[in-house]
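Q: My structure file model18.txt, compact mmCIF, C-alpha atoms and all ligand atoms, is below:
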```txt
# COMPACT_ATOMS: atom_id res chain seq x y z
CA MET A 7 8.62 83.16 42.09
CA ALA A 8 8.35 86.63 43.54
CA ILE A 9 11.47 88.72 42.98
CA GLU A 10 10.35 91.13 45.66
CA ASN A 11 7.72 90.88 48.31
CA LYS A 12 6.21 94.23 47.45
CA ILE A 13 2.46 93.80 47.17
CA VAL A 14 0.63 94.80 44.01
CA VAL A 15 -3.06 95.80 43.90
CA SER A 16 -5.14 96.92 40.98
CA GLY A 17 -8.84 97.33 40.37
CA ILE A 18 -10.50 96.44 37.11
CA ARG A 19 -13.55 98.46 36.16
CA SER A 20 -16.59 96.26 35.70
CA THR A 21 -18.00 98.42 32.95
CA GLY A 22 -16.66 98.58 29.41
CA LYS A 23 -15.15 95.92 27.21
CA LEU A 24 -11.41 95.38 26.90
CA HIS A 25 -9.85 96.70 23.70
CA LEU A 26 -6.44 96.33 22.11
CA GLY A 27 -5.28 99.50 23.87
CA ASN A 28 -6.02 97.94 27.26
CA TYR A 29 -4.46 94.69 26.14
CA PHE A 30 -1.10 96.04 24.99
CA GLY A 31 -1.14 98.89 27.49
CA ALA A 32 -2.11 97.52 30.87
CA MET A 33 -3.01 93.85 30.51
CA GLN A 34 0.28 92.62 29.15
CA ASN A 35 2.04 94.26 32.06
CA TYR A 36 -0.34 92.80 34.63
CA VAL A 37 0.47 89.47 33.10
CA LYS A 38 4.19 90.12 33.47
CA MET A 39 3.79 91.34 37.07
CA GLN A 40 1.99 88.19 38.12
CA ASP A 41 5.26 86.27 37.85
CA ASP A 42 7.26 88.76 39.89
CA TYR A 43 5.05 89.99 42.73
CA PRO A 44 2.22 88.89 44.96
CA CYS A 45 -0.71 90.41 43.07
CA TYR A 46 -4.25 91.20 44.14
CA PHE A 47 -6.47 92.06 41.18
CA PHE A 48 -10.15 92.63 41.69
CA VAL A 49 -13.30 93.64 39.86
CA ALA A 50 -14.34 97.04 41.23
CA ASP A 51 -18.06 96.30 41.35
CA TYR A 52 -18.83 98.60 44.31
CA HIS A 53 -17.28 101.49 42.41
CA SER A 54 -19.65 100.84 39.52
CA LEU A 55 -22.67 101.45 41.80
CA THR A 56 -21.98 105.20 41.70
CA THR A 57 -23.81 105.28 38.38
CA HIS A 58 -26.68 102.97 39.47
CA PRO A 59 -26.34 100.12 36.95
CA ASP A 60 -29.42 97.92 36.44
CA PRO A 61 -29.25 95.07 39.01
CA LYS A 62 -30.09 92.65 36.20
CA ASP A 63 -26.83 93.52 34.44
CA LEU A 64 -24.30 93.39 37.26
CA ARG A 65 -23.58 89.69 37.25
CA ALA A 66 -23.06 89.58 33.49
CA SER A 67 -20.68 92.57 33.57
CA VAL A 68 -18.62 91.03 36.35
CA TYR A 69 -18.48 87.67 34.56
CA ARG A 70 -17.49 89.44 31.35
CA VAL A 71 -14.57 91.46 32.68
CA LEU A 72 -13.35 88.50 34.65
CA SER A 73 -13.49 86.26 31.59
CA GLU A 74 -11.81 88.79 29.34
CA ASN A 75 -9.01 89.38 31.80
CA ILE A 76 -8.36 85.68 32.26
CA ALA A 77 -8.51 85.11 28.50
CA ALA A 78 -5.98 87.92 28.05
CA GLY A 79 -3.55 86.15 30.35
CA LEU A 80 -4.31 86.79 34.02
CA ASP A 81 -3.80 83.47 35.73
CA PRO A 82 -6.03 82.81 38.73
CA GLU A 83 -3.43 80.30 39.91
CA LYS A 84 -0.82 83.06 40.12
CA VAL A 85 -2.79 86.12 41.22
CA THR A 86 -5.52 86.57 43.76
CA LEU A 87 -8.53 87.45 41.64
CA TYR A 88 -11.73 88.51 43.39
CA ALA A 89 -14.76 90.73 43.45
CA GLN A 90 -14.48 93.83 45.66
CA SER A 91 -17.95 93.18 47.10
CA ASP A 92 -16.80 89.81 48.47
CA ILE A 93 -14.41 91.51 50.86
CA PRO A 94 -16.34 93.21 53.70
CA GLU A 95 -13.03 94.41 55.15
CA ILE A 96 -12.82 96.90 52.26
CA PRO A 97 -15.96 98.87 53.21
CA GLU A 98 -14.87 98.69 56.84
CA LEU A 99 -11.54 100.33 56.04
CA TYR A 100 -13.37 102.76 53.73
CA LEU A 101 -15.45 103.89 56.71
CA MET A 102 -12.34 104.42 58.81
CA LEU A 103 -10.58 106.36 56.06
CA ASN A 104 -13.66 108.51 55.45
CA MET A 105 -13.02 110.06 58.85
CA LEU A 106 -9.62 111.19 57.59
CA ALA A 107 -10.80 112.48 54.20
CA TYR A 108 -11.92 116.07 53.91
CA LYS A 109 -14.88 117.26 51.90
CA GLY A 110 -12.84 120.11 50.44
CA GLU A 111 -10.08 117.94 49.05
CA LEU A 112 -12.59 115.42 47.64
CA GLU A 113 -14.52 118.16 45.86
CA LYS A 114 -11.35 119.35 44.16
CA VAL A 115 -10.59 116.01 42.47
CA PRO A 116 -10.75 116.53 38.67
CA THR A 117 -12.50 113.19 38.01
CA PHE A 118 -15.20 114.18 40.53
CA LYS A 119 -15.65 117.57 38.89
CA ASP A 120 -15.94 115.89 35.48
CA LYS A 121 -18.63 113.54 36.81
CA VAL A 122 -20.56 116.46 38.30
CA ARG A 123 -20.46 118.24 34.98
CA GLN A 124 -21.53 115.14 33.03
CA ASN A 125 -24.21 114.11 35.46
CA PRO A 126 -25.42 117.00 37.62
CA ASN A 127 -28.48 115.01 38.77
CA ASN A 128 -26.52 112.25 40.41
CA VAL A 129 -23.86 113.82 42.58
CA ASN A 130 -24.01 111.19 45.31
CA ALA A 131 -21.70 110.78 48.31
CA GLY A 132 -20.27 107.58 46.80
CA LEU A 133 -19.06 109.57 43.84
CA LEU A 134 -17.47 112.16 46.12
CA THR A 135 -15.74 109.48 48.18
CA TYR A 136 -14.71 107.34 45.20
CA PRO A 137 -11.02 108.05 45.96
CA VAL A 138 -11.52 106.92 49.57
CA LEU A 139 -12.94 103.58 48.47
CA MET A 140 -10.07 103.23 46.02
CA ALA A 141 -7.60 103.97 48.83
CA ALA A 142 -9.30 101.28 50.94
CA ASP A 143 -8.95 98.79 48.04
CA ILE A 144 -5.22 99.41 48.02
CA LEU A 145 -4.43 99.89 51.70
CA ILE A 146 -6.43 96.84 52.80
CA HIS A 147 -3.55 94.74 51.40
CA ARG A 148 -0.85 97.18 52.53
CA ALA A 149 0.16 97.37 48.88
CA SER A 150 3.22 99.30 47.68
CA LEU A 151 2.68 99.13 43.94
CA VAL A 152 -0.37 100.03 41.93
CA PRO A 153 -0.23 99.56 38.16
CA VAL A 154 -2.54 102.26 36.83
CA GLY A 155 -2.70 104.68 33.97
CA LYS A 156 -1.98 108.41 34.18
CA ASP A 157 -5.66 109.16 34.76
CA GLN A 158 -5.52 107.44 38.15
CA GLU A 159 -2.41 109.10 39.54
CA GLN A 160 -4.30 111.78 41.42
CA HIS A 161 -6.41 109.09 43.12
CA LEU A 162 -3.23 107.34 44.10
CA GLU A 163 -1.80 110.51 45.55
CA MET A 164 -4.88 110.75 47.74
CA ALA A 165 -4.40 107.15 48.85
CA ARG A 166 -0.89 108.13 49.95
CA ASN A 167 -2.28 111.10 51.86
CA PHE A 168 -4.86 108.97 53.67
CA ALA A 169 -2.22 106.36 54.50
CA GLN A 170 0.04 109.07 55.90
CA ARG A 171 -2.74 110.63 57.94
CA PHE A 172 -3.67 107.28 59.40
CA ASN A 173 -0.07 106.42 60.20
CA SER A 174 0.67 109.71 61.88
CA ARG A 175 -2.54 109.77 63.91
CA TYR A 176 -2.71 106.13 64.98
CA GLY A 177 0.65 104.51 64.26
CA GLU A 178 2.53 103.01 61.37
CA LEU A 179 0.40 100.53 59.45
CA PHE A 180 0.30 101.43 55.76
CA PRO A 181 3.12 101.73 53.21
CA GLU A 182 2.59 104.65 50.83
CA PRO A 183 1.47 103.09 47.56
CA GLN A 184 3.32 104.20 44.44
CA PRO A 185 2.10 104.11 40.86
CA PHE A 186 3.79 101.31 39.02
CA ASN A 187 4.97 102.84 35.84
CA PHE A 188 5.79 100.52 33.01
CA GLY A 189 8.05 103.06 31.38
CA ASP A 190 9.06 102.00 27.90
CA ALA A 191 7.06 98.81 28.17
CA LEU A 192 3.87 100.83 27.92
CA VAL A 193 2.87 100.44 24.31
CA LYS A 194 0.81 103.16 22.75
CA VAL A 195 -1.90 101.57 20.64
CA MET A 196 -3.01 104.02 17.99
CA SER A 197 -6.62 104.57 17.04
CA LEU A 198 -7.71 103.54 13.54
CA ASP A 199 -9.15 106.96 12.75
CA GLY A 200 -5.77 108.42 11.90
CA SER A 201 -6.21 111.17 14.50
CA GLY A 202 -2.87 110.39 16.10
CA GLY A 203 -4.74 109.54 19.31
CA LYS A 204 -4.76 106.29 21.22
CA MET A 205 -7.43 103.58 21.01
CA SER A 206 -9.96 104.25 23.71
CA LYS A 207 -13.59 103.39 24.09
CA SER A 208 -14.67 106.90 24.92
CA GLU A 209 -12.99 108.41 21.87
CA ASN A 210 -14.22 106.46 18.90
CA GLU A 211 -15.87 103.04 19.02
CA ASN A 212 -15.34 102.47 15.31
CA ALA A 213 -11.64 103.13 15.47
CA THR A 214 -11.15 100.82 18.45
CA ILE A 215 -10.73 97.05 18.22
CA TYR A 216 -12.35 95.20 21.11
CA LEU A 217 -11.28 91.75 22.22
CA ALA A 218 -14.95 90.80 21.79
CA ASP A 219 -15.15 92.01 18.16
CA ASP A 220 -16.00 89.31 15.63
CA ASP A 221 -13.90 88.74 12.51
CA ASP A 222 -16.16 90.78 10.32
CA SER A 223 -16.26 93.88 12.47
CA ILE A 224 -12.49 93.83 12.82
CA ARG A 225 -12.20 93.61 9.03
CA LYS A 226 -14.65 96.49 8.55
CA LYS A 227 -12.96 98.73 11.10
CA VAL A 228 -9.49 98.14 9.66
CA MET A 229 -10.58 98.60 6.04
CA LYS A 230 -12.14 101.98 6.93
CA ALA A 231 -8.87 103.35 8.32
CA LYS A 232 -7.68 106.51 6.64
CA THR A 233 -4.98 106.23 3.96
CA ASP A 234 -4.05 108.20 0.83
CA SER A 235 -2.79 107.45 -2.66
CA GLY A 236 0.69 106.63 -1.42
CA PRO A 237 4.06 108.37 -1.29
CA ILE A 238 5.46 109.82 -4.51
CA GLU A 239 9.04 110.20 -3.37
CA ALA A 240 11.21 107.33 -2.18
CA ASN A 241 11.90 107.18 1.55
CA SER A 242 9.51 109.98 2.42
CA LEU A 243 8.29 110.75 5.88
CA MET A 244 5.19 108.80 6.86
CA PRO A 245 2.04 110.77 7.56
CA GLU A 246 0.76 110.12 11.08
CA TYR A 247 -2.23 108.01 9.98
CA ILE A 248 0.05 105.70 7.99
CA ALA A 249 2.59 105.47 10.79
CA SER A 250 -0.32 104.46 13.05
CA LEU A 251 -1.21 101.57 10.74
CA PHE A 252 2.39 100.41 10.75
CA SER A 253 2.54 100.60 14.52
CA LEU A 254 -0.60 98.46 14.77
CA MET A 255 0.88 96.03 12.31
CA ARG A 256 3.99 95.70 14.45
CA LEU A 257 1.80 94.52 17.32
CA VAL A 258 0.03 91.71 15.49
CA SER A 259 1.92 90.81 12.30
CA ALA A 260 5.12 88.90 11.67
CA PRO A 261 8.25 91.13 11.50
CA ALA A 262 8.88 90.01 7.91
CA THR A 263 5.39 91.16 6.90
CA VAL A 264 5.94 94.59 8.44
CA ALA A 265 9.36 94.87 6.80
CA ALA A 266 7.91 93.99 3.39
CA PHE A 267 5.29 96.74 3.58
CA GLU A 268 7.86 99.23 4.87
CA GLU A 269 10.01 98.43 1.88
CA HIS A 270 7.02 98.98 -0.43
CA PHE A 271 6.37 102.30 1.27
CA ASN A 272 9.97 103.39 0.81
CA GLN A 273 9.93 102.32 -2.84
CA CYS A 274 6.55 104.01 -3.43
CA THR A 275 5.04 100.68 -4.47
CA ILE A 276 2.81 100.29 -1.47
CA ARG A 277 -0.86 99.45 -1.94
CA TYR A 278 -2.66 100.46 1.20
CA GLY A 279 -5.64 98.25 0.36
CA ASP A 280 -3.37 95.21 0.50
CA MET A 281 -1.71 96.42 3.66
CA LYS A 282 -5.04 96.89 5.40
CA LYS A 283 -6.24 93.46 4.25
CA GLN A 284 -3.11 91.91 5.73
CA LEU A 285 -3.43 93.93 8.93
CA ALA A 286 -7.08 92.92 9.29
CA GLU A 287 -6.31 89.22 8.85
CA ASP A 288 -3.42 89.31 11.32
CA MET A 289 -5.52 91.20 13.83
CA ILE A 290 -8.33 88.69 13.43
CA GLU A 291 -5.91 85.82 14.08
CA PHE A 292 -4.63 87.64 17.13
CA VAL A 293 -8.03 88.49 18.64
CA ARG A 294 -9.89 85.26 17.80
CA PRO A 295 -8.32 82.93 20.40
CA ILE A 296 -8.72 85.53 23.15
CA ARG A 297 -12.33 86.20 22.16
CA GLU A 298 -13.16 82.51 22.01
CA LYS A 299 -11.54 81.76 25.32
CA ALA A 300 -13.36 84.68 26.96
CA LYS A 301 -16.69 83.55 25.48
CA ALA A 302 -16.25 80.00 26.75
CA LEU A 303 -15.30 81.25 30.22
CA GLU A 304 -18.25 83.61 30.36
CA LEU A 305 -20.61 80.67 29.91
CA ASP A 306 -18.89 78.59 32.55
CA ALA A 307 -20.51 80.04 35.66
CA PRO A 308 -19.35 77.23 37.98
CA LEU A 309 -15.73 77.83 36.99
CA LEU A 310 -15.97 81.63 37.41
CA GLN A 311 -17.69 81.17 40.73
CA SER A 312 -14.98 78.87 42.00
CA ILE A 313 -12.30 81.36 40.89
CA LEU A 314 -14.11 84.21 42.66
CA LYS A 315 -14.68 82.16 45.76
CA ARG A 316 -11.08 81.09 46.10
CA GLY A 317 -9.85 84.62 45.39
CA ALA A 318 -12.20 86.03 48.01
CA GLU A 319 -10.97 83.56 50.63
CA GLN A 320 -7.34 84.46 49.97
CA ALA A 321 -8.01 88.19 49.84
CA ARG A 322 -10.11 88.13 53.02
CA ALA A 323 -7.49 86.23 54.94
CA HIS A 324 -4.96 88.90 54.00
CA ALA A 325 -7.37 91.80 54.59
CA ALA A 326 -8.42 90.52 58.01
CA PHE A 327 -4.97 91.14 59.43
CA THR A 328 -4.96 94.76 58.25
CA ILE A 329 -8.39 95.43 59.71
CA SER A 330 -7.59 93.90 63.06
CA GLU A 331 -4.41 96.00 63.27
CA ALA A 332 -6.32 99.13 62.22
CA ARG A 333 -9.01 98.53 64.86
CA LYS A 334 -6.40 98.06 67.55
CA LEU A 335 -4.54 101.22 66.56
CA ILE A 336 -7.76 103.24 66.49
CA GLY A 337 -8.64 101.93 69.94
CA ILE A 338 -11.48 99.60 69.02
CA ASN A 339 -10.28 96.96 71.40
CA TYR A 340 -12.95 96.06 73.94
CA TYR A 341 -12.68 92.40 74.76
N1 LIG B 1 -10.43 103.80 39.60
C1 LIG B 1 -9.83 102.77 38.80
C2 LIG B 1 -10.20 103.01 37.32
O1 LIG B 1 -11.11 103.75 37.05
C3 LIG B 1 -10.30 101.40 39.21
C4 LIG B 1 -9.90 101.09 40.61
C5 LIG B 1 -10.73 100.97 41.68
C6 LIG B 1 -8.57 100.85 41.06
N2 LIG B 1 -10.01 100.67 42.79
C7 LIG B 1 -8.68 100.59 42.45
C8 LIG B 1 -7.31 100.84 40.43
C9 LIG B 1 -7.56 100.32 43.22
C10 LIG B 1 -6.19 100.56 41.20
C11 LIG B 1 -6.32 100.31 42.58
O2 LIG B 1 -9.59 102.44 36.45
```
Rewrite the structure from the file as structure tokens, please.

A:
Amino acid sequence: MAIENKIVVSGIRSTGKLHLGNYFGAMQNYVKMQDDYPCYFFVADYHSLTTHPDPKDLRASVYRVLSENIAAGLDPEKVTLYAQSDIPEIPELYLMLNMLAYKGELEKVPTFKDKVRQNPNNVNAGLLTYPVLMAADILIHRASLVPVGKDQEQHLEMARNFAQRFNSRYGELFPEPQPFNFGDALVKVMSLDGSGGKMSKSENENATIYLADDDDSIRKKVMKAKTDSGPIEANSLMPEYIASLFSLMRLVSAPATVAAFEEHFNQCTIRYGDMKKQLAEDMIEFVRPIREKAKALELDAPLLQSILKRGAEQARAHAAFTISEARKLIGINYY
């Protein structure tokens, strides 16, 4: 049951595989939100077109992210789960909002500038107006809460600006969407390279555990993690790379297991090889059911299609109201 009727929207990128950082960072919180709010979660497939993916690959990427997200706990019975491209009301609102978005402000967006730097030969208008499409994704449902990471906060601020501009020009229609911050619930999942950084696919593939990783690659990645010959003084301060291993262990191992290794550390009797073996096995046990569920879903096209279809129907019904109100307010009202 919803504790509040605030609407939640979030877009899931259709490129890139989910890793443990996504799982403990965002996913677990999406899963919690689905019990408390009306949630609209969608695969942002239109956004992915900015980089011109091979048409042969699109379906598989959409099926994969959808399967991984469901395997990680998103329940299509509780949330409205759909593909962005199934909702024509989104591009319609995008067009309307484009008239309220200024070239100058779009060019200043740091993510746009990064893309230009990385890919100077493909500075297309879709890339420039990425934040406008994202605003349309959110405003189409008149959402108030958007669970996103820090990197998306500037985009969200633009969505608030566009909402405000629309409201003040044409009349009150859109709430100003706020980032939904998980606060303390946001777990930092440390990379296995001992750098003190978080797991992330762009940083270091080999220090990141993906939900699609098989048992053997998990074992290899964990066993390669940096350690040393162990503390020589009782109760010493943990070096960062060791603290990272312990923090990963806390996510996947039994509390008694963690406590036992902490005790060994404090007594200077720890054997990091044993600790990593244990961590690897616990991580494998944790990832395996998610991986297997995702794999089975990915192969079940009829099931995924029925989930997408139902999600699209629900999302369109909700979006249609917003668009008809927006058209009226703008003055598109001829019959
Ligand atoms: N830009 C987001 C990302 O890169 C994905 C996204 C697209 C999104 N539309 C959205 C997130 C709407 C929240 C709301 O992760």

Q: Between A:Asn11, A:Asn127, A:Ser91, A:Ser223, which has the minimum distance to ligand LIG 1 (chain B) (counting only C-alpha atoms and all ligand atoms)?

A: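 The answer is A:Ser91, which sits nearest to ligand LIG 1 (chain B).
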
Q: From the list A:Lys109, A:His58, A:Arg70, A:Arg322, which residue is nearest A:Arg19 when using only C-alpha atoms?

A: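 Closest residue, counting only C-alpha atoms: A:Arg70.
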
Q: If you take all atoms listed in the file and a cut-off of 7 Å, which residues of chain A touch ligand LIG 1 (chain B), and what are their nearest atom pairs and distances in Å to one decimal, in chain and number order, as a Markdown table?

A:
```
| residue | atom | partner | partner_atom | distance |
| --- | --- | --- | --- | --- |
| A:Val15 | CA | B:LIG1 | C11 | 5.7 |
| A:Ser16 | CA | B:LIG1 | C10 | 3.8 |
| A:Gly17 | CA | B:LIG1 | C6 | 3.6 |
| A:Ile18 | CA | B:LIG1 | C3 | 5.4 |
| A:Arg19 | CA | B:LIG1 | C3 | 5.3 |
| A:Ala50 | CA | B:LIG1 | C5 | 5.4 |
| A:His53 | CA | B:LIG1 | C5 | 6.6 |
| A:Met140 | CA | B:LIG1 | N2 | 4.1 |
| A:Ala141 | CA | B:LIG1 | C9 | 6.7 |
| A:Asp143 | CA | B:LIG1 | C9 | 5.2 |
| A:Ile144 | CA | B:LIG1 | C9 | 5.4 |
| A:Val152 | CA | B:LIG1 | C10 | 5.9 |
| A:Pro153 | CA | B:LIG1 | C10 | 6.8 |
| A:Val154 | CA | B:LIG1 | C10 | 5.9 |
| A:Gln158 | CA | B:LIG1 | N1 | 6.3 |
```

Q: Neighbours of A:Tyr216 within 9 Å (all atoms listed in the file; same-chain residues fewer than 4 positions away dropped), as a list in words?

A: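 My reading of the contact set: Lys23, Leu24, His25, Leu26, Gly27, Lys207, Glu211, Asp220, Ile224 and Val293 of chain A.
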
Q: Padding of 8 Å on every side, edges along x, y and z, all listed atoms of stretch 115-131 of chain A included: what centre and edge lengths in Å, to one decimal, does that box have, as JSON?

A:
```
{"center_x": -19.5, "center_y": 114.5, "center_z": 40.7, "size_x": 33.9, "size_y": 23.5, "size_z": 31.3}
```
